[in-house]
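Dumped upload-v3.txt below, it's compact mmCIF, C-alpha atoms:
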```txt
# COMPACT_ATOMS: atom_id res chain seq x y z
CA MET A 30 1.45 -7.12 11.09
CA THR A 31 -0.02 -8.41 7.83
CA TYR A 32 1.99 -9.65 4.84
CA GLN A 33 1.33 -6.42 2.90
CA GLU A 34 2.42 -4.24 5.80
CA LYS A 35 5.62 -6.22 6.24
CA GLN A 36 6.33 -5.98 2.52
CA ASN A 37 5.91 -2.20 2.62
CA VAL A 38 8.25 -1.93 5.62
CA VAL A 39 10.83 -3.94 3.64
CA ASN A 40 10.34 -1.62 0.64
CA ILE A 41 10.92 1.45 2.83
CA PHE A 42 14.04 -0.21 4.23
CA SER A 43 15.22 -0.95 0.65
CA ALA A 44 14.70 2.66 -0.39
CA LEU A 45 16.57 3.92 2.68
CA VAL A 46 19.48 1.57 2.05
CA VAL A 47 19.88 1.23 -1.74
CA THR A 48 19.58 4.90 -2.78
CA PRO A 49 21.93 6.43 -0.16
CA ILE A 50 24.58 3.71 -0.67
CA PHE A 51 24.49 4.16 -4.46
CA ALA A 52 24.55 7.96 -4.10
CA TRP A 53 27.53 7.74 -1.74
CA LEU A 54 29.44 5.47 -4.15
CA VAL A 55 28.73 7.84 -7.06
CA PHE A 56 29.77 10.84 -4.96
CA GLN A 57 33.06 9.11 -4.04
CA ARG A 58 33.85 8.51 -7.71
CA HIS A 59 32.90 12.06 -8.54
CA GLN A 60 35.32 13.33 -5.90
CA GLN A 61 38.04 11.04 -7.21
CA GLY A 62 37.54 12.62 -10.61
CA GLN A 63 36.37 9.49 -12.39
CA PHE A 64 33.50 11.51 -13.83
CA ASP A 65 32.28 15.08 -13.61
CA LEU A 66 28.65 15.46 -12.54
CA THR A 67 28.68 19.24 -12.33
CA GLU A 68 29.26 20.00 -16.01
CA ASP A 69 28.83 16.84 -18.10
CA PHE A 70 25.11 15.99 -17.94
CA ARG A 71 25.60 12.94 -20.16
CA GLN A 72 27.22 11.37 -17.10
CA TRP A 73 23.99 11.89 -15.15
CA GLY A 74 22.14 9.89 -17.79
CA ILE A 75 24.62 7.04 -17.41
CA VAL A 76 24.44 7.23 -13.59
CA PHE A 77 20.63 7.13 -13.65
CA LEU A 78 20.59 4.14 -16.03
CA ILE A 79 23.07 2.26 -13.82
CA PHE A 80 21.00 3.22 -10.77
CA ILE A 81 17.84 1.73 -12.31
CA GLY A 82 19.64 -1.57 -12.94
CA VAL A 83 21.32 -1.66 -9.50
CA SER A 84 18.09 -0.64 -7.75
CA VAL A 85 16.00 -3.33 -9.46
CA ALA A 86 18.62 -6.04 -8.78
CA ALA A 87 19.02 -5.01 -5.12
CA ARG A 88 15.26 -4.93 -4.53
CA VAL A 89 14.76 -8.32 -6.16
CA ILE A 90 17.41 -9.78 -3.82
CA ILE A 91 15.86 -8.04 -0.77
CA GLN A 92 12.37 -9.29 -1.76
CA ILE A 93 13.61 -12.86 -2.17
CA ILE A 94 15.23 -12.70 1.28
CA PHE A 95 11.99 -11.25 2.69
CA HIS A 96 9.84 -13.99 1.14
CA ILE A 97 12.12 -16.73 2.45
CA GLY A 98 12.33 -15.13 5.91
CA ASN A 99 8.57 -14.59 6.06
CA ALA A 100 7.83 -18.16 4.92
CA ILE A 101 10.13 -19.54 7.64
CA ALA A 102 8.73 -17.24 10.35
CA THR A 103 5.03 -17.66 9.55
CA ARG A 104 5.13 -21.13 7.92
CA GLU A 105 2.93 -19.71 5.16
CA GLU A 106 4.31 -20.52 1.73
CA LYS A 107 1.50 -18.92 -0.24
CA THR A 108 1.61 -15.17 -0.77
CA PRO A 109 -1.80 -13.48 -0.40
CA VAL A 110 -3.72 -12.84 -3.62
CA GLU A 111 -3.96 -9.22 -4.69
CA ASP A 112 -7.62 -8.24 -4.55
CA GLU A 113 -9.67 -5.09 -5.14
CA ARG A 114 -8.78 -3.60 -1.74
CA ASP A 115 -5.05 -4.03 -2.40
CA LYS A 116 -5.47 -2.33 -5.78
CA LEU A 117 -7.36 0.59 -4.21
CA VAL A 118 -4.71 0.97 -1.50
CA LYS A 119 -1.94 0.96 -4.13
CA LEU A 120 -3.83 3.47 -6.27
CA LYS A 121 -4.21 5.94 -3.39
CA ALA A 122 -0.59 5.43 -2.30
CA THR A 123 0.63 6.04 -5.87
CA ARG A 124 -1.39 9.29 -5.93
CA ASN A 125 0.35 10.43 -2.72
CA SER A 126 3.81 9.56 -4.05
CA TYR A 127 3.00 11.40 -7.28
CA TYR A 128 2.15 14.52 -5.25
CA ALA A 129 5.44 14.18 -3.35
CA PHE A 130 7.54 13.78 -6.49
CA THR A 131 5.73 16.61 -8.29
CA SER A 132 6.30 18.88 -5.28
CA GLY A 133 9.99 18.00 -5.42
CA PHE A 134 10.10 18.78 -9.11
CA VAL A 135 8.46 22.19 -8.53
CA VAL A 136 10.89 22.94 -5.67
CA SER A 137 13.88 22.07 -7.87
CA VAL A 138 12.55 24.19 -10.75
CA ILE A 139 12.11 27.11 -8.35
CA GLY A 140 15.68 26.52 -7.16
CA LEU A 141 16.84 26.57 -10.78
CA ALA A 142 15.01 29.87 -11.36
CA LEU A 143 16.70 31.30 -8.27
CA GLY A 144 20.12 30.51 -9.69
CA MET A 145 20.96 27.07 -8.27
CA PRO A 146 23.37 25.01 -10.43
CA VAL A 147 21.69 22.76 -13.01
CA TYR A 148 23.09 19.55 -11.49
CA TRP A 149 21.04 20.24 -8.36
CA ILE A 150 17.91 19.30 -10.29
CA PHE A 151 19.31 15.78 -10.79
CA ILE A 152 20.16 15.50 -7.11
CA ALA A 153 16.62 16.68 -6.31
CA PHE A 154 15.26 13.93 -8.60
CA VAL A 155 17.13 11.30 -6.62
CA VAL A 156 16.16 12.72 -3.21
CA PHE A 157 12.50 13.32 -4.04
CA GLY A 158 12.32 9.99 -5.86
CA MET A 159 13.37 8.30 -2.64
CA ILE A 160 10.96 10.42 -0.57
CA ALA A 161 8.13 9.61 -3.02
CA GLU A 162 8.84 5.90 -2.67
CA ILE A 163 8.82 6.12 1.13
CA ILE A 164 5.53 8.06 0.99
CA ASP A 165 4.11 5.41 -1.38
CA ASN A 166 4.91 2.54 0.98
CA GLY A 167 4.12 4.56 4.12
CA SER A 168 0.72 5.46 2.65
CA GLN A 169 0.01 1.81 1.93
CA ILE A 170 0.73 0.90 5.57
CA TYR A 171 -1.51 3.79 6.67
CA TYR A 172 -4.42 2.73 4.42
CA TYR A 173 -4.09 -0.93 5.36
CA ARG A 174 -4.32 0.02 9.04
CA LYS A 175 -6.84 2.85 8.92
CA GLY A 176 -8.98 1.58 6.07
CA VAL A 177 -9.76 2.85 2.60
CA MET B 4 -33.37 -8.93 17.57
CA THR B 5 -30.83 -8.57 20.34
CA THR B 6 -29.03 -11.69 19.11
CA VAL B 7 -28.91 -10.34 15.59
CA ARG B 8 -27.63 -6.97 16.76
CA LYS B 9 -24.85 -8.70 18.67
CA PHE B 10 -23.34 -9.87 15.41
CA ILE B 11 -23.92 -6.76 13.37
CA THR B 12 -20.68 -4.96 12.71
CA THR B 13 -21.24 -1.25 12.53
CA GLY B 14 -18.72 1.43 11.77
CA LYS B 15 -19.32 2.98 15.18
CA GLU B 16 -17.94 -0.02 17.06
CA PHE B 17 -14.43 0.56 15.79
CA GLU B 18 -12.29 3.58 16.37
CA MET B 19 -10.79 3.61 12.90
CA ALA B 20 -13.91 2.51 11.02
CA LYS B 21 -15.43 4.92 8.57
CA SER B 22 -17.73 2.95 6.30
CA ILE B 23 -21.34 4.05 6.32
CA VAL B 24 -22.35 0.64 5.00
CA GLN B 25 -23.10 -1.84 7.77
CA ASN B 26 -22.81 -5.57 7.31
CA ASN B 27 -23.93 -8.86 8.82
CA ILE B 28 -21.02 -10.94 7.59
CA ARG B 29 -19.96 -12.11 11.03
CA LYS B 30 -23.48 -13.29 11.79
CA LEU B 31 -23.85 -14.95 8.39
CA ARG B 32 -20.52 -16.73 8.78
CA PHE B 33 -21.68 -17.98 12.16
CA GLU B 34 -24.94 -19.21 10.69
CA ALA B 35 -23.13 -20.89 7.79
CA GLY B 36 -21.59 -23.51 10.06
CA GLU B 37 -19.09 -21.16 11.67
CA MET B 38 -17.34 -20.51 8.40
CA THR B 39 -13.88 -19.08 8.97
CA GLN B 40 -12.75 -15.77 7.51
CA GLN B 41 -10.19 -17.65 5.41
CA GLU B 42 -12.86 -19.98 3.98
CA LEU B 43 -15.03 -17.01 3.08
CA ALA B 44 -12.03 -15.19 1.59
CA ASP B 45 -11.16 -18.20 -0.58
CA LYS B 46 -14.75 -18.47 -1.82
CA ALA B 47 -14.96 -14.74 -2.53
CA ARG B 48 -11.49 -14.75 -4.16
CA VAL B 49 -10.12 -12.03 -1.86
CA SER B 50 -7.58 -12.01 0.95
CA ARG B 51 -8.53 -12.77 4.56
CA GLN B 52 -7.44 -9.22 5.45
CA THR B 53 -10.12 -7.85 3.11
CA ILE B 54 -12.81 -9.89 4.88
CA VAL B 55 -11.48 -8.62 8.23
CA ALA B 56 -11.57 -5.02 6.95
CA ILE B 57 -15.14 -5.41 5.64
CA GLU B 58 -16.33 -6.94 8.92
CA LYS B 59 -14.73 -4.13 10.88
CA GLY B 60 -16.29 -1.54 8.60
CA ASN B 61 -12.88 -0.30 7.44
CA TYR B 62 -13.63 -1.07 3.81
CA SER B 63 -16.74 -0.90 1.67
CA PRO B 64 -16.51 -3.65 -0.97
CA SER B 65 -17.22 -3.11 -4.63
CA LEU B 66 -20.68 -3.96 -5.91
CA GLU B 67 -19.22 -7.06 -7.57
CA LEU B 68 -17.70 -8.37 -4.32
CA ALA B 69 -20.87 -7.48 -2.39
CA PHE B 70 -22.95 -9.59 -4.80
CA ARG B 71 -20.39 -12.39 -4.63
CA LEU B 72 -20.66 -12.44 -0.82
CA SER B 73 -24.44 -12.44 -0.94
CA HIS B 74 -24.30 -15.34 -3.42
CA ILE B 75 -21.92 -17.29 -1.14
CA PHE B 76 -24.33 -16.90 1.80
CA ASP B 77 -27.30 -17.50 -0.52
CA THR B 78 -28.91 -14.41 0.97
CA PRO B 79 -30.32 -11.22 -0.58
CA LEU B 80 -27.80 -8.40 -0.76
CA GLU B 81 -29.74 -6.20 1.66
CA GLU B 82 -29.43 -8.90 4.33
CA VAL B 83 -25.66 -8.89 3.98
CA PHE B 84 -25.21 -5.14 3.73
CA SER B 85 -27.38 -2.31 4.97
CA TYR B 86 -27.30 1.43 4.66
CA ASP B 87 -28.80 4.00 6.98
CA PRO B 88 -29.10 7.52 5.51
CA LYS B 89 -28.84 8.94 9.04
CA ASP B 90 -25.19 7.79 9.14
CA ASP B 91 -24.50 9.34 5.76
CA VAL B 92 -23.56 12.79 7.02
CA PRO B 93 -21.23 15.12 5.10
CA GLY B 94 -17.59 14.70 5.98
CA LYS B 95 -17.98 11.19 7.33
CA VAL B 96 -16.34 9.55 4.32
```
Show me, as structure tokens, the structure contained in the file I just sent.
Amino acid sequence: MTYQEKQNVVNIFSALVVTPIFAWLVFQRHQQGQFDLTEDFRQWGIVFLIFIGVSVAARVIIQIIFHIGNAIATREEKTPVEDERDKLVKLKATRNSYYAFTSGFVVSVIGLALGMPVYWIFIAFVVFGMIAEIIDNGSQIYYYRKGV
Amino acid sequence: MTTVRKFITTGKEFEMAKSIVQNNIRKLRFEAGEMTQQELADKARVSRQTIVAIEKGNYSPSLELAFRLSHIFDTPLEEVFSYDPKDDVPGKV
């Protein structure tokens, strides 16, 4: 497995760990009545802003651990340079994740039109955001293996 | 001719390959004092994986990288890369 493939596997792992753990913690506090996510949409804004900060910090820590672990395992200290092929792979993967997130947005809007509660759209953002990220990294692994 | 063909990497040799552009990079590396993929990658300012992908026919390089490779081998571009219209059938890429 190449460095890029390993990095994408780590990113998928991060997405599968960070988002559900944060969502579970928020849900616990919601149930305890610390904040109301069904009526007060200002709270969603605060939750999303906290999530961005927590997500970035968690991923930075996971990436540092990955780099150290990879350097020890492979004895390669240098990370590969990003070249034109890497950029093309990322571009195509970003396109796929965009399709995934847009589909999620459309699904949530349809749900809204069918009478779903408004807070469901925020939950859909979180869920489809995570799915889009997994598709992004999964697509990169696919393109690195199959070719672009 | 047989010797040359032995080194030519065509898209058909690899299950996942899809490039319609064939290349002689493996042969040229061999002729350039058995240059390693890493050495070529460093000279071309790309990753070794990109050289591997080009050799396998999994990736068609940009025009800029193609010229850079031909300059490294001090060979005309058409001796590094070749294109056969017969392979360029609809739906292949």
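Residues in contact with Gly98 (chain A) at 12 Å, where all atoms listed in the file are counted and same-chain residues fewer than 6 positions away are skipped, are listed as A:Tyr32, A:Lys35, A:Gln36, A:Val39, A:Ile91, A:Gln92, A:Arg104, A:Glu105, A:Glu106.
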Hey, which bits of chain B sit within 7 Å of chain A, and for each residue what's the closest pair of atoms and how far apart in Å (one decimal), counting all atoms listed in the file, rows by chain and increasing number, as a tab-separated table?
```
residue	atom	partner	partner_atom	distance
B:Met19	CA	A:Lys175	CA	5.7
B:Val49	CA	A:Asp112	CA	5.3
B:Ser50	CA	A:Val110	CA	6.0
B:Thr53	CA	A:Arg114	CA	6.6
B:Asn61	CA	A:Gly176	CA	4.5
B:Tyr62	CA	A:Val177	CA	5.6
```
Contacts of region 139-156 of chain A within 12 Å, only C-alpha atoms, excl. fewer than 2 positions in-chain, as a ChimeraX atom specification: /A:44-45,47-49,51-53,55-56,65-74,76-77,80-81,129-137,158-163
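CA of Gly60 (chain B) sits 15.7 Å away from CA of Glu82 (chain B).
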For CA of Lys59 (chain B) and CA of Ile164 (chain A), quote the distance in Å rounded to one decimal. 25.6 Å
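The coordinates place CA of Pro79 (chain B) at 19.0 Å from CA of Ile23 (chain B).
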Applying 8 Å and only C-alpha atoms, which residues near Glu58 (chain B) remain after dropping the ones on its own chain fewer than 5 positions away? List them as JSON, numbers by chain. {"B": [12, 26, 27, 28, 29]}
Let me have the centre and edge lengths of the axis-aligned box enclosing all listed atoms of region 100-118 of chain A with 5 Å padding on every side, in Å to one decimal, as lines of an AutoDock Vina configuration file.
```
center_x = 0.2
center_y = -10.1
center_z = 2.3
size_x = 29.8
size_y = 32.1
size_z = 26.1
```
Would you pick out the contacts of region 35-44 of chain B at 9 Å or less, using all atoms listed in the file, so that residues sharing its chain but fewer than 3 positions from it are not included, and give the list as a short mmCIF file (atom, residue, chain, number, x, y, z; two decimals) with C-alpha atoms, keeping the file's coordinate frame?
```
data_model
loop_
_atom_site.label_atom_id
_atom_site.label_comp_id
_atom_site.auth_asym_id
_atom_site.auth_seq_id
_atom_site.Cartn_x
_atom_site.Cartn_y
_atom_site.Cartn_z
CA ARG B 29 -19.96 -12.11 11.03
CA LYS B 30 -23.48 -13.29 11.79
CA LEU B 31 -23.85 -14.95 8.39
CA ARG B 32 -20.52 -16.73 8.78
CA ALA B 47 -14.96 -14.74 -2.53
CA ARG B 48 -11.49 -14.75 -4.16
CA VAL B 49 -10.12 -12.03 -1.86
CA SER B 50 -7.58 -12.01 0.95
CA ARG B 51 -8.53 -12.77 4.56
CA GLN B 52 -7.44 -9.22 5.45
CA THR B 53 -10.12 -7.85 3.11
CA ILE B 54 -12.81 -9.89 4.88
CA VAL B 55 -11.48 -8.62 8.23
CA LEU B 72 -20.66 -12.44 -0.82
CA ILE B 75 -21.92 -17.29 -1.14
CA PHE B 76 -24.33 -16.90 1.80
#
```
My structure is short of atoms at region 19-41 of chain B; please model N, CA and C atoms there, returning them as an mmCIF file, in the frame of the given file.
```cif
data_model
loop_
_atom_site.group_PDB
_atom_site.id
_atom_site.type_symbol
_atom_site.label_atom_id
_atom_site.label_comp_id
_atom_site.auth_asym_id
_atom_site.auth_seq_id
_atom_site.Cartn_x
_atom_site.Cartn_y
_atom_site.Cartn_z
ATOM 1 N N MET B 19 -11.297 3.167 14.186
ATOM 2 C CA MET B 19 -10.790 3.610 12.900
ATOM 3 C C MET B 19 -11.793 3.421 11.769
ATOM 4 N N ALA B 20 -12.948 2.806 12.076
ATOM 5 C CA ALA B 20 -13.910 2.510 11.020
ATOM 6 C C ALA B 20 -14.503 3.778 10.458
ATOM 7 N N LYS B 21 -14.832 3.734 9.158
ATOM 8 C CA LYS B 21 -15.430 4.920 8.570
ATOM 9 C C LYS B 21 -16.512 4.609 7.552
ATOM 10 N N SER B 22 -16.734 3.319 7.294
ATOM 11 C CA SER B 22 -17.730 2.950 6.300
ATOM 12 C C SER B 22 -19.133 3.249 6.810
ATOM 13 N N ILE B 23 -19.949 3.789 5.937
ATOM 14 C CA ILE B 23 -21.340 4.050 6.320
ATOM 15 C C ILE B 23 -22.219 2.852 5.972
ATOM 16 N N VAL B 24 -21.619 1.859 5.335
ATOM 17 C CA VAL B 24 -22.350 0.640 5.000
ATOM 18 C C VAL B 24 -22.118 -0.380 6.109
ATOM 19 N N GLN B 25 -23.210 -0.834 6.712
ATOM 20 C CA GLN B 25 -23.100 -1.840 7.770
ATOM 21 C C GLN B 25 -23.216 -3.223 7.165
ATOM 22 N N ASN B 26 -22.725 -4.216 7.872
ATOM 23 C CA ASN B 26 -22.810 -5.570 7.310
ATOM 24 C C ASN B 26 -23.077 -6.608 8.391
ATOM 25 N N ASN B 27 -23.608 -7.747 7.933
ATOM 26 C CA ASN B 27 -23.930 -8.860 8.820
ATOM 27 C C ASN B 27 -23.026 -10.057 8.558
ATOM 28 N N ILE B 28 -21.854 -9.818 8.030
ATOM 29 C CA ILE B 28 -21.020 -10.940 7.590
ATOM 30 C C ILE B 28 -20.650 -11.870 8.752
ATOM 31 N N ARG B 29 -20.346 -11.272 9.885
ATOM 32 C CA ARG B 29 -19.960 -12.110 11.030
ATOM 33 C C ARG B 29 -21.105 -13.055 11.416
ATOM 34 N N LYS B 30 -22.303 -12.497 11.439
ATOM 35 C CA LYS B 30 -23.480 -13.290 11.790
ATOM 36 C C LYS B 30 -23.721 -14.382 10.742
ATOM 37 N N LEU B 31 -23.614 -13.993 9.467
ATOM 38 C CA LEU B 31 -23.850 -14.950 8.390
ATOM 39 C C LEU B 31 -22.795 -16.054 8.372
ATOM 40 N N ARG B 32 -21.561 -15.705 8.697
ATOM 41 C CA ARG B 32 -20.520 -16.730 8.780
ATOM 42 C C ARG B 32 -20.845 -17.719 9.895
ATOM 43 N N PHE B 33 -21.317 -17.152 11.002
ATOM 44 C CA PHE B 33 -21.680 -17.980 12.160
ATOM 45 C C PHE B 33 -22.808 -18.939 11.797
ATOM 46 N N GLU B 34 -23.784 -18.385 11.072
ATOM 47 C CA GLU B 34 -24.940 -19.210 10.690
ATOM 48 C C GLU B 34 -24.591 -20.232 9.606
ATOM 49 N N ALA B 35 -23.540 -19.955 8.856
ATOM 50 C CA ALA B 35 -23.130 -20.890 7.790
ATOM 51 C C ALA B 35 -22.120 -21.902 8.348
ATOM 52 N N GLY B 36 -22.442 -22.470 9.463
ATOM 53 C CA GLY B 36 -21.590 -23.510 10.060
ATOM 54 C C GLY B 36 -20.267 -22.982 10.564
ATOM 55 N N GLU B 37 -20.299 -21.788 11.126
ATOM 56 C CA GLU B 37 -19.090 -21.160 11.670
ATOM 57 C C GLU B 37 -17.954 -21.128 10.645
ATOM 58 N N MET B 38 -18.324 -20.645 9.478
ATOM 59 C CA MET B 38 -17.340 -20.510 8.400
ATOM 60 C C MET B 38 -16.218 -19.580 8.843
ATOM 61 N N THR B 39 -14.998 -19.949 8.562
ATOM 62 C CA THR B 39 -13.880 -19.080 8.970
ATOM 63 C C THR B 39 -13.715 -17.932 7.973
ATOM 64 N N GLN B 40 -13.007 -16.909 8.412
ATOM 65 C CA GLN B 40 -12.750 -15.770 7.510
ATOM 66 C C GLN B 40 -11.942 -16.224 6.296
ATOM 67 N N GLN B 41 -11.013 -17.155 6.516
ATOM 68 C CA GLN B 41 -10.190 -17.650 5.410
ATOM 69 C C GLN B 41 -11.034 -18.414 4.399
#
```
